Amino acid sequence: MPNGRTHKGLSLPAMSETQRFLLLAILIGIFAGLMVVCFHVAIDFLSWYSVGALSQRLRYARLICPTAGALVSVLLVRWFFRAARGSGVNQTKAALYISDGHVPFSTVIGKFLTCSISIGTGNSLGPEDPSLQMGAGIASLLGRMFQVKRENMRLIAPVGAAAGIAAAFNTPITGVLFVMEEVVAAWNAGVVGSIMLAAVSAVVVVRWFLGNEPLFRVPEFELRHPSELVVYAILGVAGGLLSALFVKLIEKLKRRLEHLPSHTAYAQAGAAGLLVGVAGLWLPQIMGAGYDAIDSALHDRFAWQALLALGLVKLAATVVSFSAEIPGGMFAPTLFTGAMIGGGLGALANRYWPFPTSFADAYVLVGMGTFFAGVFRAPMTSIFMVFEVSASYVIILPVMIANTISYFISRTLHPVPFFTMLAQQEGVDLPSAEEQRSLPVLHVEEAMRAVVDVVLPANLPVAEAAKQIETAGEERALVTFADGTWSTVTAEALRASLAEENGTHALKEACRLEVLPRLYPDQSVDVALRYLGAYPLLPVVNRAHPDQLEGVLSLEDIHRAYGIRRN
Amino acid sequence: MVAGTRRAFAAVILSMAVLFAFTGFLVRAWRSGRSQRANRHFEMGRQLAQQGRSDQAVEEYRAALSFSPNDTRYRLALALALMSFGRLDEAEAHLGELRESDPTNAVVNLALARISVRQHDWDEAVLDYHRAIFGLWPEQPEKNRVQARFELVDLLMRRQKQKEVLAELLELAAETPGDTAVQRRVASLLLANGAARNAADLYQSILTASPEDAAAWSGLGEAQFVQGDYPAARASFRKALRWNSKDEQARKGVAECDEIAALDPTQPTLSSGQRFGRARELLARSFHGLEGCLAASGGNTPADVSTLVESARPVVDAKPRRHREGDTPKVLALAGELWKSWDRVCPAAARADQAVAIVMGKVSN
């Protein structure tokens, strides 16, 4: 087996590895889509028969249901599905970077059961992150069955994750972008193709069963006055500040709760469920994923006071639920909080801004993306998510402004990305795609020697060449040909040639000159290193004029650039 | 493929098929549950709406819609409840969605027209009313179309778009040939909007079908009265009274016709003495009317009017005597001047004496 685990796998000998991987992506998408549909339905059934049914008979059903749901789900996680603990995004990353794509199938079952219970009973969490992890789990199982190669097996969990999240949001682009932005830092056309195929297949399955209904019914959007962009910028600032606060609160509360004895885990979950219930007595909209409330906000149903109250209470409820390790995801609560805060600010702008502004619903939509960008540090996903949900091109500009501001503020105030922070708290060092993207890459131009002492034309007589190289005191010199190709010649080779004949022959005739690979200044040093084993000195040339030498690069130059001293 | 691999691959496909079937079953149950819940909320909403508790009805309709977002009945009910609750923007959004899915839905278009009226978006309202009139009604299409057109007429009248009003009314009359009540209402509106001839024609057509229709006779009388055909109007009012002796409008019409007939000096059958007597009567009524008006105005009398009154007084106060050739036109000319001054200084009072106003108008022509 590629990953060292033993499985009696399937093999399809008639297909190439790439074809097999693409077929697998489709299968993964279909299975993930089916799983997400069942998950969605299960949450609804549980919600109907718990909070929905009991609320009509018991006055305090809203207190009992989330408390009981939190207790049962945490009990299931601790006793039966330990692998289902924690963030789905990080579990998928762990599969990618640690376990060669292995996600135990028990995780899928565990996430399904525990999250259905916790979210269905009204705890303030969402179904997208578990969907993502279930997708990764299904992908991993199918990958093992089809005996996918090790390097592909590593990528299979992100493919499933994309399918899962695309199915949960009913938005294929968002699913693809999120995984590429947050989970897989380095990707190529093959990976993108598989991720897309899986996401599209999953969304097709979801729409087959649940219909073509979008997640939200979004009203038409219009920018009513250019000055409104300032309001959107203010929304970006608010989103950035709040998202940083949100992440910090989770970080601190989670750390505190983790330091408590492990037997208090049930008490923590119960207390968190109870707090959500208490808040739910006053504001029932904050319970569960809260999509209906977002939809209502998008249709201007709440006054600004209610919007702000809902946003802030949801934020607190989510911090409590998530920190107490009640199973469930953060995407829906993030969207909810952003939507309500955005709507609240929009409604205020509608009243007090001196120029015409859009209705609050436009700000609800932009607010969703703003908070998402700030918390998850996935600005591209947040922009395209709003675009995909609203199907409005006009909204792009305000969303870009607000999300970018939110992203940078959140990044400044809380430099560690959310998922990295969670991973660190769990004692795992998982790379953040954001950090990986921003890692500085050493380029050839930073390592090369710009000054070259000797460059010998290929038609130079050997005696003259020997004289020049001797004068420069070099052991090796570059040789240039008229067609822009390059070679090297050593002082020793020239001396040997002189010993054999009188030195009047041209270099290209007298010496054996091997054509060298060319380097360009913008290439990474990694590219150069692949050649330097075979060629000790390489020419760095201009891309447009290959005969124009920009510098030379040797292993010593790279060592110097990295600050490595050699004895 | 080796046989074992094929079997395993088939197992994957089979498990997918089983999961498909299971998901299908689950989703069916879920849909059914949603549908039941939606219906329950909808019925509850209807009951609350009937009790006039629109705010609570709105919540129930919302809940129904959250379970069944594609059900147009729920959305329409919610939109109408929101309208009655004064939340026009939200109602408009729902109605807009409904119209997008079915642009011919007359109920939706009518509701949108009403919202446009409340938002003072007159042009849009007219368009929406037309969409409603020419749209498809789920029940009682004729009745609803007529009602929608009357609403439109009402709007156009308030906007003083007389030409459009007449166009709508004539169309309405043409579309409802057998509906006497509607025809009567249309004729009355035609009359009110200055189309007395069209109104009279319409009343005539009603009376051809229902000769005992007292209201139509009364309406015809008014139309004829407005056209200046007082004898015909009197006859129509009389017929109205014959079929409905309690018709005060007709009775008043008869009295007015009689008064005009008694006052009109231009009737060809009159002797010169009768003509002179009527001229003097017109003079006296115009003079006293103007005098009363001046007394009420408290001294702010234009100088020319005072002079006219003073110059007319001896003629008015003079005892009746045998008239001479040429007296009648002089008296009528003086009466005409007095009435014009009266109409200038106190137009309301002058027009209130309808018989004098009508006869003076006739004389001056």
# chains A, B, ... in the order shown; residues from 1 in each chain; ligands from 1
$ select_by_dssp --residues "segment 76-317 of chain B" --states "alpha helix (DSSP H)" --output "ChimeraX atom specification"
/B:76-84,88-101,106-118,122-134,141-158,162-175,180-192,196-209,214-227,230-243,248-263,272-297,303-317
$ select_by_dssp --residues "segment 311-554 of chain A" --states "strand (DSSP E)" --output "number ranges by chain"
A: 455-457, 476-480, 486-490, 537-541, 549-554
$ write_last_selection --atoms "N, CA, C and O atoms" --output "compact mmCIF listing (two decimals), in the first residue's frame"
# COMPACT_ATOMS: atom_id res chain seq x y z
N VAL A 455 34.08 36.13 -19.63
CA VAL A 455 33.14 35.45 -20.51
C VAL A 455 33.86 35.28 -21.85
O VAL A 455 34.29 36.26 -22.48
N LEU A 456 33.98 34.04 -22.24
CA LEU A 456 34.81 33.76 -23.42
C LEU A 456 33.90 33.45 -24.60
O LEU A 456 33.05 32.55 -24.51
N PRO A 457 34.07 34.14 -25.74
CA PRO A 457 33.30 33.77 -26.91
C PRO A 457 33.74 32.39 -27.40
O PRO A 457 34.93 32.05 -27.31
N ARG A 476 37.39 28.59 -13.68
CA ARG A 476 36.32 28.23 -14.60
C ARG A 476 35.75 29.50 -15.22
O ARG A 476 35.63 30.52 -14.52
N ALA A 477 35.42 29.45 -16.50
CA ALA A 477 34.83 30.64 -17.14
C ALA A 477 33.68 30.24 -18.04
O ALA A 477 33.62 29.10 -18.52
N LEU A 478 32.76 31.18 -18.20
CA LEU A 478 31.61 30.91 -19.08
C LEU A 478 32.01 31.12 -20.52
O LEU A 478 32.84 31.99 -20.84
N VAL A 479 31.38 30.32 -21.36
CA VAL A 479 31.63 30.45 -22.80
C VAL A 479 30.29 30.78 -23.47
O VAL A 479 29.28 30.13 -23.18
N THR A 480 30.30 31.79 -24.32
CA THR A 480 29.05 32.16 -24.98
C THR A 480 29.10 31.84 -26.46
O THR A 480 30.13 32.06 -27.12
N TRP A 486 24.98 28.74 -23.78
CA TRP A 486 26.13 28.97 -22.90
C TRP A 486 26.78 27.65 -22.52
O TRP A 486 26.15 26.60 -22.55
N SER A 487 28.07 27.79 -22.20
CA SER A 487 28.81 26.61 -21.72
C SER A 487 29.87 27.09 -20.73
O SER A 487 29.96 28.30 -20.46
N THR A 488 30.64 26.15 -20.19
CA THR A 488 31.77 26.54 -19.32
C THR A 488 33.02 25.80 -19.76
O THR A 488 32.93 24.71 -20.37
N VAL A 489 34.08 26.42 -19.41
CA VAL A 489 35.35 25.74 -19.69
C VAL A 489 36.27 25.99 -18.49
O VAL A 489 36.22 27.07 -17.88
N THR A 490 37.07 24.98 -18.14
CA THR A 490 37.96 25.14 -16.98
C THR A 490 39.37 25.51 -17.48
O THR A 490 39.75 25.22 -18.63
N LEU A 537 28.59 25.81 -12.30
CA LEU A 537 28.38 27.23 -12.56
C LEU A 537 27.33 27.38 -13.65
O LEU A 537 27.42 26.72 -14.70
N LEU A 538 26.34 28.23 -13.39
CA LEU A 538 25.25 28.39 -14.36
C LEU A 538 25.09 29.85 -14.75
O LEU A 538 25.22 30.74 -13.88
N PRO A 539 24.80 30.10 -16.02
CA PRO A 539 24.59 31.49 -16.41
C PRO A 539 23.16 31.94 -16.06
O PRO A 539 22.21 31.16 -16.17
N VAL A 540 23.02 33.17 -15.60
CA VAL A 540 21.68 33.76 -15.37
C VAL A 540 21.49 34.81 -16.46
O VAL A 540 22.29 35.77 -16.54
N VAL A 541 20.51 34.60 -17.32
CA VAL A 541 20.37 35.46 -18.49
C VAL A 541 19.01 36.16 -18.52
O VAL A 541 18.08 35.80 -17.79
N LEU A 549 24.00 38.32 -20.46
CA LEU A 549 24.27 37.70 -19.16
C LEU A 549 23.93 38.68 -18.03
O LEU A 549 24.39 39.83 -18.03
N GLU A 550 23.10 38.21 -17.08
CA GLU A 550 22.74 39.06 -15.92
C GLU A 550 23.66 38.74 -14.73
O GLU A 550 23.82 39.56 -13.85
N GLY A 551 24.17 37.52 -14.70
CA GLY A 551 25.04 37.11 -13.60
C GLY A 551 25.32 35.62 -13.70
O GLY A 551 24.90 34.97 -14.66
N VAL A 552 26.00 35.10 -12.67
CA VAL A 552 26.26 33.65 -12.64
C VAL A 552 25.88 33.13 -11.26
O VAL A 552 25.85 33.90 -10.29
N LEU A 553 25.59 31.85 -11.21
CA LEU A 553 25.17 31.25 -9.93
C LEU A 553 25.91 29.94 -9.71
O LEU A 553 25.94 29.08 -10.60
N SER A 554 26.45 29.85 -8.51
CA SER A 554 27.08 28.57 -8.12
C SER A 554 26.52 28.18 -6.76
O SER A 554 25.80 28.96 -6.12
$ interface_residues --of "chain B" --to "chain A" --cutoff "10 Å" --atoms "only C-alpha atoms" --output "PyMOL selection string"
chain B and resi 1-2+4-9+12-13+15-16+19-20+22-24+26-31+33-34+37+62-63+66-67+69-70+87+89-91+93-94+96-97
$ residues_around --residues "Ala362 of chain A" --least-positions-apart "2" --cutoff "9 Å" --atoms "only C-alpha atoms" --output "VMD selection string"
chain A and resid 218 to 223 298 342 to 343 346 358 to 360 364 to 367 395
$ residues_around --residues "Val146 of chain B" --least-positions-apart "4" --cutoff "9 Å" --atoms "only C-alpha atoms" --output "ChimeraX atom specification"
/B:133,141-142,150-151,172,175-176,182
$ closest_residue --among "B:Trp122, B:Phe225, B:Phe85, B:Tyr74" --to "Gln56 of chain B" --atoms "only C-alpha atoms"
B:Phe85
$ residues_around --residues "Asp483 of chain A" --least-positions-apart "2" --cutoff "8 Å" --atoms "only C-alpha atoms" --output "ChimeraX atom specification"
/A:481,485,547
$ atom_distance --atom1 "atom CA of Gly86 of chain B" --atom2 "atom CA of Gln119 of chain B"
11.2 Å
$ closest_residue --among "B:Ser271, B:Lys163, B:Leu338, B:Cys293" --to "Glu310 of chain B" --atoms "only C-alpha atoms"
B:Leu338
$ closest_residue --among "A:Ala466, A:Leu283, A:Ile28, A:Lys254" --to "Ala202 of chain A" --atoms "only C-alpha atoms"
A:Ile28
